[in-house]
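Just protein07.csv here, CSV, C-alpha atoms and all ligand atoms:
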```
chain,number,residue,atom,x,y,z
Z,1,MET,CA,-47.8,16.8,-39.1
Z,2,ILE,CA,-44.8,15.8,-37.0
Z,3,THR,CA,-44.9,12.3,-35.7
Z,4,ALA,CA,-44.0,11.6,-32.2
Z,5,ALA,CA,-40.7,10.0,-33.2
Z,6,LEU,CA,-39.6,13.1,-35.0
Z,7,ALA,CA,-40.6,15.6,-32.2
Z,8,PRO,CA,-37.7,17.0,-30.4
Z,9,ALA,CA,-37.0,15.2,-27.1
Z,10,PRO,CA,-38.1,17.1,-24.1
Z,11,GLN,CA,-35.2,18.8,-22.4
Z,12,GLN,CA,-33.4,16.5,-20.0
Z,13,SER,CA,-32.9,18.1,-16.6
Z,14,PRO,CA,-29.2,18.1,-16.0
Z,15,ILE,CA,-29.0,16.2,-12.7
Z,16,PRO,CA,-25.4,15.0,-12.3
Z,17,LEU,CA,-25.1,11.4,-11.1
Z,18,PRO,CA,-23.6,11.3,-7.6
Z,19,ALA,CA,-20.1,10.0,-7.6
Z,20,PRO,CA,-20.0,6.4,-6.3
Z,21,ARG,CA,-19.0,6.1,-2.6
Z,22,TRP,CA,-15.7,4.4,-2.0
Z,23,GLN,CA,-17.4,1.5,-0.3
Z,24,THR,CA,-19.3,0.8,-3.5
Z,25,LEU,CA,-16.1,0.9,-5.6
Z,26,TRP,CA,-14.4,-1.3,-3.0
Z,27,ARG,CA,-17.1,-4.0,-3.5
Z,28,GLN,CA,-16.9,-3.7,-7.3
Z,29,ALA,CA,-13.2,-4.7,-7.3
Z,30,LEU,CA,-12.3,-7.5,-9.8
Z,31,ARG,CA,-11.8,-10.9,-8.3
Z,32,ALA,CA,-11.8,-13.3,-11.3
Z,33,PRO,CA,-8.6,-13.6,-13.3
Z,34,ALA,CA,-10.6,-14.3,-16.4
Z,35,GLU,CA,-12.5,-11.0,-16.0
Z,36,LEU,CA,-9.2,-9.1,-15.4
Z,37,LEU,CA,-7.5,-10.7,-18.5
Z,38,ALA,CA,-10.6,-10.1,-20.6
Z,39,ALA,CA,-10.5,-6.4,-19.7
Z,40,LEU,CA,-6.9,-6.3,-20.9
Z,41,GLY,CA,-7.3,-8.5,-24.0
Z,42,LEU,CA,-5.0,-11.2,-22.6
Z,43,GLU,CA,-5.0,-15.0,-22.5
Z,44,ALA,CA,-4.7,-16.8,-19.2
Z,45,ALA,CA,-2.5,-19.6,-20.7
Z,46,ASP,CA,0.2,-17.1,-21.9
Z,47,LEU,CA,0.6,-15.7,-18.4
Z,48,GLY,CA,0.8,-18.9,-16.3
Z,49,VAL,CA,-2.3,-18.0,-14.3
Z,50,SER,CA,-2.6,-20.4,-11.3
Z,51,ASP,CA,-5.8,-21.6,-9.6
Z,52,ALA,CA,-3.7,-22.9,-6.7
Z,53,ALA,CA,-2.1,-19.5,-6.1
Z,54,LEU,CA,-5.6,-17.9,-6.4
Z,55,ALA,CA,-6.9,-20.3,-3.7
Z,56,GLN,CA,-3.9,-19.4,-1.4
Z,57,PHE,CA,-4.4,-15.7,-1.8
Z,58,PRO,CA,-7.4,-14.3,-3.7
Z,59,LEU,CA,-7.2,-11.9,-6.6
Z,60,ARG,CA,-8.6,-8.5,-5.7
Z,61,VAL,CA,-8.0,-5.3,-7.7
Z,62,PRO,CA,-10.1,-2.1,-7.9
Z,63,ARG,CA,-11.4,-1.3,-11.4
Z,64,GLY,CA,-9.7,2.1,-11.3
Z,65,PHE,CA,-6.3,0.5,-10.9
Z,66,VAL,CA,-7.1,-1.9,-13.8
Z,67,ALA,CA,-7.8,1.1,-15.9
Z,68,ARG,CA,-4.2,2.2,-15.5
Z,69,MET,CA,-2.8,-1.1,-16.9
Z,70,ARG,CA,-1.7,-1.2,-20.5
Z,71,HIS,CA,-4.1,-3.1,-22.7
Z,72,GLY,CA,-2.6,-6.2,-24.3
Z,73,ASP,CA,0.7,-6.1,-22.4
Z,74,PRO,CA,1.3,-9.3,-20.4
Z,75,ALA,CA,4.4,-7.7,-18.8
Z,76,ASP,CA,2.4,-4.7,-17.5
Z,77,PRO,CA,4.0,-3.7,-14.2
Z,78,LEU,CA,0.7,-3.1,-12.5
Z,79,LEU,CA,-0.8,-6.4,-13.7
Z,80,ARG,CA,2.2,-8.3,-12.4
Z,81,GLN,CA,1.6,-7.0,-8.9
Z,82,VAL,CA,-1.9,-8.5,-8.7
Z,83,LEU,CA,-2.1,-11.6,-11.0
Z,84,PRO,CA,-1.8,-15.0,-9.3
Z,85,VAL,CA,0.7,-17.1,-11.2
Z,86,ASP,CA,2.3,-20.6,-11.2
Z,87,ALA,CA,5.7,-19.2,-9.9
Z,88,GLU,CA,4.0,-18.5,-6.5
Z,89,MET,CA,3.6,-22.2,-5.9
Z,90,ARG,CA,7.3,-23.0,-6.2
Z,91,LEU,CA,9.0,-23.6,-2.8
Z,92,ALA,CA,12.2,-21.5,-2.5
Z,93,PRO,CA,14.8,-22.1,0.2
Z,94,GLY,CA,15.0,-19.2,2.7
Z,95,PHE,CA,11.4,-18.1,2.1
Z,96,SER,CA,9.3,-18.7,5.2
Z,97,LEU,CA,5.9,-17.8,6.6
Z,98,ASP,CA,6.9,-15.1,9.1
Z,99,ALA,CA,9.9,-13.5,7.4
Z,100,VAL,CA,10.0,-10.3,9.4
Z,101,GLY,CA,9.5,-11.6,13.0
Z,102,ASP,CA,6.1,-10.1,13.6
Z,103,GLY,CA,5.1,-13.0,15.7
Z,104,ALA,CA,8.0,-12.2,18.2
Z,105,ALA,CA,7.5,-8.4,18.3
Z,106,LYS,CA,3.9,-8.4,19.5
Z,107,LYS,CA,3.3,-6.0,22.4
Z,108,SER,CA,-0.5,-6.4,22.7
Z,109,THR,CA,-3.4,-7.4,20.5
Z,110,GLY,CA,-2.7,-5.8,17.2
Z,111,VAL,CA,0.3,-3.7,18.5
Z,112,ILE,CA,3.7,-4.5,17.2
Z,113,GLN,CA,6.8,-2.7,18.5
Z,114,LYS,CA,10.2,-3.4,17.0
Z,115,TYR,CA,11.8,0.1,17.1
Z,116,ARG,CA,12.3,2.7,19.7
Z,117,GLY,CA,9.5,5.2,20.1
Z,118,ARG,CA,7.2,3.7,17.5
Z,119,ALA,CA,4.2,1.5,18.1
Z,120,LEU,CA,2.7,0.0,15.0
Z,121,LEU,CA,-1.0,-0.8,15.1
Z,122,VAL,CA,-2.3,-3.6,12.8
Z,123,ALA,CA,-5.6,-1.8,12.4
Z,124,THR,CA,-7.2,-4.4,10.2
Z,125,GLY,CA,-6.3,-7.3,7.9
Z,126,SER,CA,-8.3,-5.9,5.0
Z,127,CYS,CA,-6.9,-4.3,1.8
Z,128,ALA,CA,-8.6,-2.9,-1.3
Z,129,ILE,CA,-6.0,-4.7,-3.4
Z,130,ASN,CA,-4.1,-8.0,-3.0
Z,131,CYS,CA,-0.5,-7.5,-3.8
Z,132,ARG,CA,1.1,-10.9,-4.7
Z,133,TYR,CA,4.5,-10.0,-3.1
Z,134,CYS,CA,2.9,-9.2,0.3
Z,135,PHE,CA,3.7,-11.0,3.5
Z,136,ARG,CA,0.0,-10.6,4.3
Z,137,ARG,CA,-0.7,-13.6,2.1
Z,138,HIS,CA,0.2,-15.8,5.1
Z,139,PHE,CA,-0.6,-13.7,8.2
Z,140,ASP,CA,-3.6,-14.6,10.3
Z,141,TYR,CA,-5.3,-11.3,11.2
Z,142,ALA,CA,-8.6,-12.8,12.4
Z,143,GLY,CA,-7.9,-12.2,16.1
Z,144,GLU,CA,-4.9,-10.0,15.8
Z,145,ASN,CA,-6.2,-6.6,14.8
Z,146,ALA,CA,-6.1,-3.7,17.2
Z,147,ALA,CA,-9.6,-2.4,16.3
Z,148,LYS,CA,-11.1,-5.4,18.2
Z,149,GLY,CA,-13.0,-4.4,21.3
Z,150,GLY,CA,-13.1,-0.7,20.5
Z,151,TRP,CA,-9.3,-0.4,20.4
Z,152,ARG,CA,-9.2,-0.8,24.2
Z,153,GLU,CA,-6.2,-3.1,24.5
Z,154,ALA,CA,-4.1,-1.2,21.9
Z,155,VAL,CA,-4.8,2.2,23.5
Z,156,ALA,CA,-4.0,0.8,27.0
Z,157,ALA,CA,-0.7,-0.6,25.8
Z,158,ILE,CA,0.4,2.7,24.2
Z,159,ALA,CA,-0.8,4.7,27.2
Z,160,ALA,CA,1.2,2.5,29.6
Z,161,ASP,CA,4.5,3.1,27.7
Z,162,PRO,CA,5.7,6.8,27.9
Z,163,THR,CA,8.7,6.0,25.5
Z,164,ILE,CA,6.2,5.7,22.6
Z,165,ASP,CA,6.0,9.1,20.8
Z,166,GLU,CA,4.7,7.9,17.4
Z,167,VAL,CA,1.7,5.8,16.6
Z,168,ILE,CA,1.7,4.1,13.2
Z,169,LEU,CA,-1.5,2.9,11.7
Z,170,SER,CA,-0.8,0.0,9.4
Z,171,GLY,CA,-2.4,-3.3,8.5
Z,172,GLY,CA,-3.6,-4.6,6.1
Z,173,ASP,CA,-4.7,-1.2,5.1
Z,174,PRO,CA,-5.9,1.0,7.9
Z,175,LEU,CA,-8.0,3.1,5.6
Z,176,SER,CA,-10.1,0.0,4.9
Z,177,LEU,CA,-11.8,0.9,8.2
Z,178,ALA,CA,-14.7,3.3,8.1
Z,179,THR,CA,-13.7,6.8,9.1
Z,180,PRO,CA,-15.8,6.8,12.3
Z,181,LYS,CA,-14.0,3.7,13.4
Z,182,LEU,CA,-10.6,5.5,12.9
Z,183,ALA,CA,-11.9,8.5,14.7
Z,184,GLU,CA,-12.8,6.3,17.7
Z,185,LEU,CA,-9.1,5.4,17.9
Z,186,THR,CA,-7.7,8.9,17.6
Z,187,ASP,CA,-10.2,10.2,20.1
Z,188,ALA,CA,-8.9,7.7,22.6
Z,189,LEU,CA,-5.3,8.4,21.7
Z,190,ALA,CA,-5.8,12.2,22.0
Z,191,GLY,CA,-5.7,11.8,25.8
Z,192,ILE,CA,-2.2,10.3,25.9
Z,193,PRO,CA,0.3,13.1,26.5
Z,194,HIS,CA,3.4,11.3,25.2
Z,195,ILE,CA,2.2,10.9,21.6
Z,196,ARG,CA,3.8,13.5,19.3
Z,197,ARG,CA,3.2,12.1,15.8
Z,198,LEU,CA,0.7,10.0,13.9
Z,199,ARG,CA,1.7,8.1,10.9
Z,200,ILE,CA,-0.6,6.3,8.4
Z,201,HIS,CA,0.7,3.7,6.0
Z,202,SER,CA,-1.9,3.1,3.3
Z,203,ARG,CA,-2.0,2.1,-0.4
Z,204,LEU,CA,-5.6,3.4,-0.7
Z,205,PRO,CA,-4.9,6.9,-2.1
Z,206,VAL,CA,-3.2,5.1,-4.9
Z,207,VAL,CA,-5.3,2.1,-5.6
Z,208,LEU,CA,-8.7,3.6,-4.6
Z,209,PRO,CA,-8.3,7.4,-4.5
Z,210,GLU,CA,-12.0,7.9,-3.9
Z,211,ARG,CA,-11.3,6.8,-0.4
Z,212,VAL,CA,-9.9,10.3,0.2
Z,213,ASP,CA,-13.4,11.7,0.6
Z,214,ASP,CA,-14.6,14.7,2.6
Z,215,GLU,CA,-15.3,12.7,5.7
Z,216,LEU,CA,-11.7,11.4,5.8
Z,217,LEU,CA,-10.2,14.9,5.3
Z,218,GLN,CA,-12.4,16.3,8.0
Z,219,TRP,CA,-11.1,13.6,10.4
Z,220,LEU,CA,-7.5,14.2,9.4
Z,221,ALA,CA,-7.8,18.0,9.6
Z,222,GLY,CA,-9.0,17.7,13.2
Z,223,LEU,CA,-6.1,15.5,14.5
Z,224,PRO,CA,-4.0,17.1,17.3
Z,225,TRP,CA,-0.6,15.7,15.9
Z,226,PRO,CA,1.5,16.4,12.9
Z,227,LEU,CA,0.7,13.7,10.3
Z,228,ALA,CA,3.1,11.6,8.2
Z,229,PHE,CA,1.2,9.7,5.4
Z,230,VAL,CA,3.1,7.0,3.7
Z,231,ILE,CA,1.6,5.9,0.4
Z,232,HIS,CA,2.8,2.7,-1.2
Z,233,ALA,CA,3.4,3.1,-5.0
Z,234,ASN,CA,5.8,0.8,-6.8
Z,235,HIS,CA,5.6,2.2,-10.3
Z,236,ALA,CA,5.0,5.6,-12.0
Z,237,ASN,CA,2.0,4.2,-13.9
Z,238,GLU,CA,0.1,3.8,-10.6
Z,239,PHE,CA,-0.4,7.6,-10.6
Z,240,ASP,CA,-3.2,9.3,-12.6
Z,241,ALA,CA,-5.3,12.4,-12.3
Z,242,HIS,CA,-7.5,10.9,-9.7
Z,243,VAL,CA,-4.5,9.8,-7.6
Z,244,ASP,CA,-3.0,13.3,-8.0
Z,245,ALA,CA,-6.2,14.9,-6.8
Z,246,ALA,CA,-6.4,12.6,-3.7
Z,247,LEU,CA,-2.8,13.3,-2.8
Z,248,ALA,CA,-3.4,17.1,-3.2
Z,249,ARG,CA,-6.3,16.9,-0.8
Z,250,LEU,CA,-4.2,15.0,1.7
Z,251,ARG,CA,-1.5,17.7,1.5
Z,252,GLY,CA,-4.3,20.3,1.9
Z,253,VAL,CA,-4.9,19.0,5.4
Z,254,GLY,CA,-1.2,19.3,6.2
Z,255,ALA,CA,-0.1,15.7,5.8
Z,256,GLN,CA,3.6,15.1,5.0
Z,257,LEU,CA,3.5,12.6,2.1
Z,258,LEU,CA,6.1,10.0,1.7
Z,259,ASN,CA,6.4,6.9,-0.6
Z,260,GLN,CA,7.6,3.5,0.3
Z,261,ALA,CA,8.1,1.0,-2.6
Z,262,VAL,CA,9.3,-2.6,-2.8
Z,263,LEU,CA,11.9,-3.5,-5.3
Z,264,LEU,CA,10.2,-6.1,-7.5
Z,265,ARG,CA,11.7,-8.1,-10.4
Z,266,GLY,CA,9.6,-7.5,-13.6
Z,267,VAL,CA,7.9,-4.5,-12.0
Z,268,ASN,CA,10.4,-1.7,-11.2
Z,269,ASP,CA,13.9,-3.3,-11.3
Z,270,ASP,CA,15.4,-1.0,-13.8
Z,271,ILE,CA,16.8,2.4,-13.6
Z,272,GLU,CA,14.2,4.0,-15.9
Z,273,ALA,CA,11.3,2.7,-13.8
Z,274,LEU,CA,12.9,3.7,-10.5
Z,275,ALA,CA,13.8,7.2,-11.7
Z,276,ALA,CA,10.3,7.6,-13.1
Z,277,LEU,CA,8.7,6.5,-9.9
Z,278,SER,CA,10.7,9.1,-7.9
Z,279,GLU,CA,10.0,11.9,-10.3
Z,280,ARG,CA,6.3,11.0,-10.7
Z,281,SER,CA,5.9,10.8,-6.9
Z,282,PHE,CA,7.5,14.2,-6.4
Z,283,ALA,CA,5.2,15.7,-9.1
Z,284,ALA,CA,2.3,14.5,-7.0
Z,285,GLY,CA,3.8,16.1,-3.8
Z,286,VAL,CA,5.3,12.9,-2.4
Z,287,LEU,CA,8.9,12.4,-1.3
Z,288,PRO,CA,10.6,9.0,-1.8
Z,289,TYR,CA,11.2,7.4,1.6
Z,290,TYR,CA,12.1,3.7,1.3
Z,291,LEU,CA,12.9,1.3,-1.4
Z,292,HIS,CA,12.5,-2.1,0.3
Z,293,GLN,CA,14.2,-5.3,-0.5
Z,294,LEU,CA,11.4,-7.9,-0.6
Z,295,ASP,CA,10.4,-9.7,2.6
Z,296,ARG,CA,11.3,-13.3,2.0
Z,297,VAL,CA,7.9,-15.0,2.5
Z,298,GLN,CA,6.8,-18.1,0.7
Z,299,GLY,CA,5.4,-17.6,-2.8
Z,300,VAL,CA,7.3,-14.4,-3.7
Z,301,ALA,CA,10.8,-15.6,-4.7
Z,302,HIS,CA,10.1,-14.8,-8.4
Z,303,PHE,CA,9.9,-11.1,-7.5
Z,304,GLU,CA,13.3,-11.0,-5.7
Z,305,VAL,CA,16.2,-8.8,-6.9
Z,306,ASP,CA,19.5,-9.9,-5.5
Z,307,ASP,CA,21.4,-7.5,-3.3
Z,308,GLU,CA,24.2,-6.8,-5.7
Z,309,ARG,CA,21.8,-5.7,-8.4
Z,310,ALA,CA,19.7,-3.7,-5.9
Z,311,LEU,CA,22.8,-1.8,-4.8
Z,312,ALA,CA,23.9,-1.2,-8.4
Z,313,LEU,CA,20.4,0.2,-9.2
Z,314,HIS,CA,20.5,2.4,-6.2
Z,315,ALA,CA,23.9,3.7,-7.1
Z,316,GLN,CA,22.6,4.6,-10.6
Z,317,LEU,CA,19.7,6.4,-9.0
Z,318,MET,CA,22.1,8.4,-6.8
Z,319,ALA,CA,24.1,9.3,-9.9
Z,320,ARG,CA,21.1,10.4,-11.8
Z,321,LEU,CA,18.6,12.1,-9.5
Z,322,SER,CA,18.5,15.0,-7.0
Z,323,GLY,CA,19.4,13.7,-3.5
Z,324,TYR,CA,15.9,14.2,-2.2
Z,325,LEU,CA,14.5,12.0,-5.0
Z,326,VAL,CA,16.6,8.9,-3.9
Z,327,PRO,CA,14.8,6.6,-1.5
Z,328,LYS,CA,16.8,4.7,1.2
Z,329,LEU,CA,17.4,1.1,0.1
Z,330,VAL,CA,16.7,-1.1,3.1
Z,331,ARG,CA,15.7,-4.5,4.3
Z,332,GLU,CA,13.8,-5.5,7.3
Z,333,VAL,CA,15.7,-8.0,9.4
Z,334,ALA,CA,14.0,-9.6,12.4
Z,335,GLY,CA,15.6,-8.4,15.7
Z,336,ASP,CA,17.2,-5.2,14.2
Z,337,THR,CA,16.7,-1.8,15.9
Z,338,GLY,CA,15.5,-0.3,12.6
Z,339,LYS,CA,15.3,-1.0,8.9
Z,340,ARG,CA,18.7,-2.1,7.8
Z,341,PRO,CA,20.4,-0.1,5.0
Z,342,LEU,CA,21.6,-2.5,2.3
Z,343,GLN,CA,25.4,-2.8,2.1
Z,344,ALA,CA,27.8,-4.5,-0.3
Z,345,SER,CA,28.6,-8.0,1.1
Z,346,ALA,CA,32.1,-8.2,2.5
Z,347,SER,CA,33.1,-11.2,0.4
H,401,LIG,C1,8.9,-0.6,9.5
H,401,LIG,C2,8.3,-0.5,10.8
H,401,LIG,C3,8.3,0.7,11.5
H,401,LIG,C4,8.7,2.0,10.9
H,401,LIG,O1,10.0,2.1,10.7
H,401,LIG,P1,10.6,3.5,10.1
H,401,LIG,O2,12.0,3.2,9.8
H,401,LIG,O3,10.4,4.5,11.2
H,401,LIG,O4,9.8,3.8,8.9
H,401,LIG,C5,7.8,0.7,12.8
H,401,LIG,N1,7.4,-0.4,13.4
H,401,LIG,C6,7.5,-1.6,12.8
H,401,LIG,C7,7.0,-2.9,13.5
H,401,LIG,C8,7.9,-1.7,11.5
H,401,LIG,O5,8.0,-2.9,10.9
H,402,LIG,S1,-0.7,-4.8,3.0
H,402,LIG,FE1,-0.1,-3.4,1.4
H,402,LIG,S2,1.2,-4.6,0.0
H,402,LIG,FE2,0.0,-6.0,1.3
H,402,LIG,S3,-1.8,-6.6,0.1
H,402,LIG,FE3,-2.3,-4.9,1.5
H,402,LIG,S4,-2.0,-3.1,0.1
H,402,LIG,FE4,-0.9,-4.8,-0.8
```

Represent the supplied structure as structure tokens.
Ligand SMILES: *Cc1c(COP(=O)(O)O)cnc(C)c1O
Ligand code: SF4
Amino acid sequence: MITAALAPAPQQSPIPLPAPRWQTLWRQALRAPAELLAALGLEAADLGVSDAALAQFPLRVPRGFVARMRHGDPADPLLRQVLPVDAEMRLAPGFSLDAVGDGAAKKSTGVIQKYRGRALLVATGSCAINCRYCFRRHFDYAGENAAKGGWREAVAAIAADPTIDEVILSGGDPLSLATPKLAELTDALAGIPHIRRLRIHSRLPVVLPERVDDELLQWLAGLPWPLAFVIHANHANEFDAHVDAALARLRGVGAQLLNQAVLLRGVNDDIEALAALSERSFAAGVLPYYLHQLDRVQGVAHFEVDDERALALHAQLMARLSGYLVPKLVREVAGDTGKRPLQASAS
């Protein structure tokens, strides 16, 4: 006689689990430094983790991004971008609260225009990840986002200015908004004849690639303008198979993919890291666009690379890579007519 315990288990029906929706993964982001460090086998004390910095700008990092960090490496370039540390609390001369003059360039609620032809919409203040070097750590978005009131003010400001031929969705991260909310904007913009291009700046295809779902692709595929999509990746290790798949899907709807990175001490400030970033981006169908000098906001001085070193690194990149793999090295200067190419100082 066969006992119940020895009987073969009844055949399990092979129902695949549905993939989690991006909103679920968004909510499951890590927020506690202790949990992040435990996942990596690291000690808080060795890393100078700071409660004061955490209180100023919370930790937030999607689990899929944590999975790309190296276990047991306190100098991991992805970890450094998200971990709140003591160095952020040191006041540094020349580092202010509104480093790039956003306050002065406001055109309407959530609409910033600094450069000819391009209106930038601060679509939302939310991001899936909190990057320690970001100016957003100080910006008050509560009443300043363009989505407020069904985008009405923002759309009216763009409609009223025929010199605007490109609308840029930025933030925060514009893809933090639900797709129907984004479609509400583009439906309203579709009636404005002087718009020729749409641009989206988002870190989500990299930090939460599941955001590039069927609903998003359907929306993008139906837009009436050519689309430039600028991802923000700072290190080659930010790419994995999920990110590659998300980027391939974006290319599949005709988006021109570009990368904008920030030059960050301890993250990507060496020739190997920068070359790898360009090569890995291109392998994923993304052309390097800008390499930015850091915006000088309070709390980020420990990430700064001085101009002389930045220029030397850039010269090494030019000597090493195909021309189209070399990003433009720029800085944003309040009051300028565009991003300013870095130049050797006259002295
Ligand atoms: C950076 C930026 C742009 C885009 O500049 P490009 O050089 O075209 O990439 C547009 N508007 C504002 C306010 C910006 O800060
Ligand atoms: S705006 Fe970009 S850089 Fe800043 S926190 Fe959000 S994702 Fe990071």

**Item:** Site check for ligand LIG 402 (chain H): residues at most 9 Å away, all atoms listed in the file, as an MDAnalysis selection string
**Value:** chainID Z and resid 81:82 125:137 170:173 201:204 207 232 262

How big is the axis-aligned box around the listed atoms of ligand LIG 401 (chain H) once 6 Å is added on each side, and where is its centre? Give both in Å to one decimal, as lines of an AutoDock Vina configuration file.
```
center_x = 9.5
center_y = 0.8
center_z = 11.2
size_x = 17.0
size_y = 19.4
size_z = 16.6
```

**Prompt:** What do you get as a list of chain:residue names if you pick all residues at most 8 Å from ligand LIG 401 (chain H), counting all atoms listed in the file?
**Reply:**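 The neighbouring residues of ligand LIG 401 (chain H) are, in order, Z:Val100, Z:Asp102, Z:Ala105, Z:Ile112, Z:Gln113, Z:Lys114, Z:Tyr115, Z:Arg118, Z:Ala119, Z:Leu120, Z:Ile168, Z:Tyr290, Z:Glu332, Z:Gly338, Z:Lys339.
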
Writing out the chosen residues with C-alpha atoms as a PDB file, in the coordinates of the input:
```
ATOM      1  CA  VAL Z 100      10.000 -10.300   9.400  1.00  0.00           C
ATOM      2  CA  ASP Z 102       6.100 -10.100  13.600  1.00  0.00           C
ATOM      3  CA  ALA Z 105       7.500  -8.400  18.300  1.00  0.00           C
ATOM      4  CA  ILE Z 112       3.700  -4.500  17.200  1.00  0.00           C
ATOM      5  CA  GLN Z 113       6.800  -2.700  18.500  1.00  0.00           C
ATOM      6  CA  LYS Z 114      10.200  -3.400  17.000  1.00  0.00           C
ATOM      7  CA  TYR Z 115      11.800   0.100  17.100  1.00  0.00           C
ATOM      8  CA  ARG Z 118       7.200   3.700  17.500  1.00  0.00           C
ATOM      9  CA  ALA Z 119       4.200   1.500  18.100  1.00  0.00           C
ATOM     10  CA  LEU Z 120       2.700   0.000  15.000  1.00  0.00           C
ATOM     11  CA  ILE Z 168       1.700   4.100  13.200  1.00  0.00           C
ATOM     12  CA  TYR Z 290      12.100   3.700   1.300  1.00  0.00           C
ATOM     13  CA  GLU Z 332      13.800  -5.500   7.300  1.00  0.00           C
ATOM     14  CA  GLY Z 338      15.500  -0.300  12.600  1.00  0.00           C
ATOM     15  CA  LYS Z 339      15.300  -1.000   8.900  1.00  0.00           C
TER      16      LYS Z 339
END
```

**Request:** Mind giving me the straight-line distance from atom CA of Z:Glu238 to atom CA of Z:Leu59 in Å, one decimal?
**Result:** 17.8 Å

**Prompt:** If we count only C-alpha atoms, what is near Z:Trp219 at a cut-off of 9 Å, once residues fewer than 6 positions away on the same chain are taken out, given as a PyMOL selection string?
**Reply:** chain Z and resi 179-180+182-183

**Request:** Figure out the distance between atom CA of Z:Pro327 and atom CA of Z:Ala245, please, to one decimal in Å.
**Result:**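 Value for the atom CA of Z:Ala245-atom CA of Z:Pro327 distance: 23.2 Å.
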
Please identify every residue of stretch 181-292 of chain Z that has at least one atom no farther than 12 Å from an atom of stretch 63-78 of chain Z, counting only C-alpha atoms, and for each give the shortest atom pair and the distance in Å to one decimal, arranged by chain then increasing number, as CSV.
```
residue,atom,partner,partner_atom,distance
Z:Arg203,CA,Z:Phe65,CA,11.5
Z:Leu204,CA,Z:Phe65,CA,10.6
Z:Pro205,CA,Z:Phe65,CA,11.0
Z:Val206,CA,Z:Phe65,CA,8.2
Z:Val207,CA,Z:Phe65,CA,5.6
Z:Leu208,CA,Z:Gly64,CA,6.9
Z:Pro209,CA,Z:Gly64,CA,8.7
Z:Glu210,CA,Z:Gly64,CA,9.7
Z:Arg211,CA,Z:Gly64,CA,12.0
Z:Ala233,CA,Z:Leu78,CA,10.1
Z:Asn234,CA,Z:Leu78,CA,8.6
Z:His235,CA,Z:Pro77,CA,7.3
Z:Ala236,CA,Z:Pro77,CA,9.6
Z:Asn237,CA,Z:Arg68,CA,6.7
Z:Glu238,CA,Z:Arg68,CA,6.7
Z:Phe239,CA,Z:Arg68,CA,8.2
Z:Asp240,CA,Z:Arg68,CA,7.7
Z:Ala241,CA,Z:Arg68,CA,10.7
Z:His242,CA,Z:Gly64,CA,9.2
Z:Val243,CA,Z:Gly64,CA,10.0
Z:Leu263,CA,Z:Pro77,CA,11.9
Z:Leu264,CA,Z:Pro77,CA,9.4
Z:Arg265,CA,Z:Pro77,CA,9.6
Z:Gly266,CA,Z:Pro77,CA,6.8
Z:Val267,CA,Z:Pro77,CA,4.5
Z:Asn268,CA,Z:Pro77,CA,7.3
Z:Asp269,CA,Z:Pro77,CA,10.3
Z:Asp270,CA,Z:Pro77,CA,11.7
Z:Ala273,CA,Z:Pro77,CA,9.7
```

**Message:** Calculated over only C-alpha atoms, which of the candidates Z:Ala334, Z:Gly299, Z:Ser278, Z:Leu227 has the smallest distance to Z:Ser322?
**Reply:**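 Among the listed residues, Z:Ser278 lies closest to Z:Ser322.
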
**Asked** Within 9 Å of (-11.3, -0.6, 16.6), all atoms listed in the file: residues as a list of chain:residue names?
**Response**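 Protein and nucleic acid residues near the point are Z:Ala123, Z:Thr124, Z:Asn145, Z:Ala146, Z:Ala147, Z:Lys148, Z:Gly149, Z:Gly150, Z:Trp151, Z:Arg152, Z:Ala154, Z:Leu177, Z:Lys181, Z:Leu182, Z:Glu184, Z:Leu185.
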
**Request:** Go ahead and compute the interatomic distance for atom CA of Z:Arg116 and atom CA of Z:Leu169, in Å to one decimal.
**Result:**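 These atoms are spaced 16.0 Å apart.
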
Counting all atoms listed in the file, write as a CSV table (one decimal) with C-alpha atoms, in the coordinates of the input all protein and nucleic acid residues lying at most 12 Å from (9.9, -14.1, -7.2) in the file's frame.
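Written out: result-v1.csv:
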```csv
chain,number,residue,atom,x,y,z
Z,80,ARG,CA,2.2,-8.3,-12.4
Z,81,GLN,CA,1.6,-7.0,-8.9
Z,84,PRO,CA,-1.8,-15.0,-9.3
Z,85,VAL,CA,0.7,-17.1,-11.2
Z,86,ASP,CA,2.3,-20.6,-11.2
Z,87,ALA,CA,5.7,-19.2,-9.9
Z,88,GLU,CA,4.0,-18.5,-6.5
Z,89,MET,CA,3.6,-22.2,-5.9
Z,90,ARG,CA,7.3,-23.0,-6.2
Z,91,LEU,CA,9.0,-23.6,-2.8
Z,92,ALA,CA,12.2,-21.5,-2.5
Z,93,PRO,CA,14.8,-22.1,0.2
Z,95,PHE,CA,11.4,-18.1,2.1
Z,132,ARG,CA,1.1,-10.9,-4.7
Z,133,TYR,CA,4.5,-10.0,-3.1
Z,134,CYS,CA,2.9,-9.2,0.3
Z,263,LEU,CA,11.9,-3.5,-5.3
Z,264,LEU,CA,10.2,-6.1,-7.5
Z,265,ARG,CA,11.7,-8.1,-10.4
Z,266,GLY,CA,9.6,-7.5,-13.6
Z,267,VAL,CA,7.9,-4.5,-12.0
Z,293,GLN,CA,14.2,-5.3,-0.5
Z,294,LEU,CA,11.4,-7.9,-0.6
Z,295,ASP,CA,10.4,-9.7,2.6
Z,296,ARG,CA,11.3,-13.3,2.0
Z,297,VAL,CA,7.9,-15.0,2.5
Z,298,GLN,CA,6.8,-18.1,0.7
Z,299,GLY,CA,5.4,-17.6,-2.8
Z,300,VAL,CA,7.3,-14.4,-3.7
Z,301,ALA,CA,10.8,-15.6,-4.7
Z,302,HIS,CA,10.1,-14.8,-8.4
Z,303,PHE,CA,9.9,-11.1,-7.5
Z,304,GLU,CA,13.3,-11.0,-5.7
Z,305,VAL,CA,16.2,-8.8,-6.9
Z,306,ASP,CA,19.5,-9.9,-5.5
```
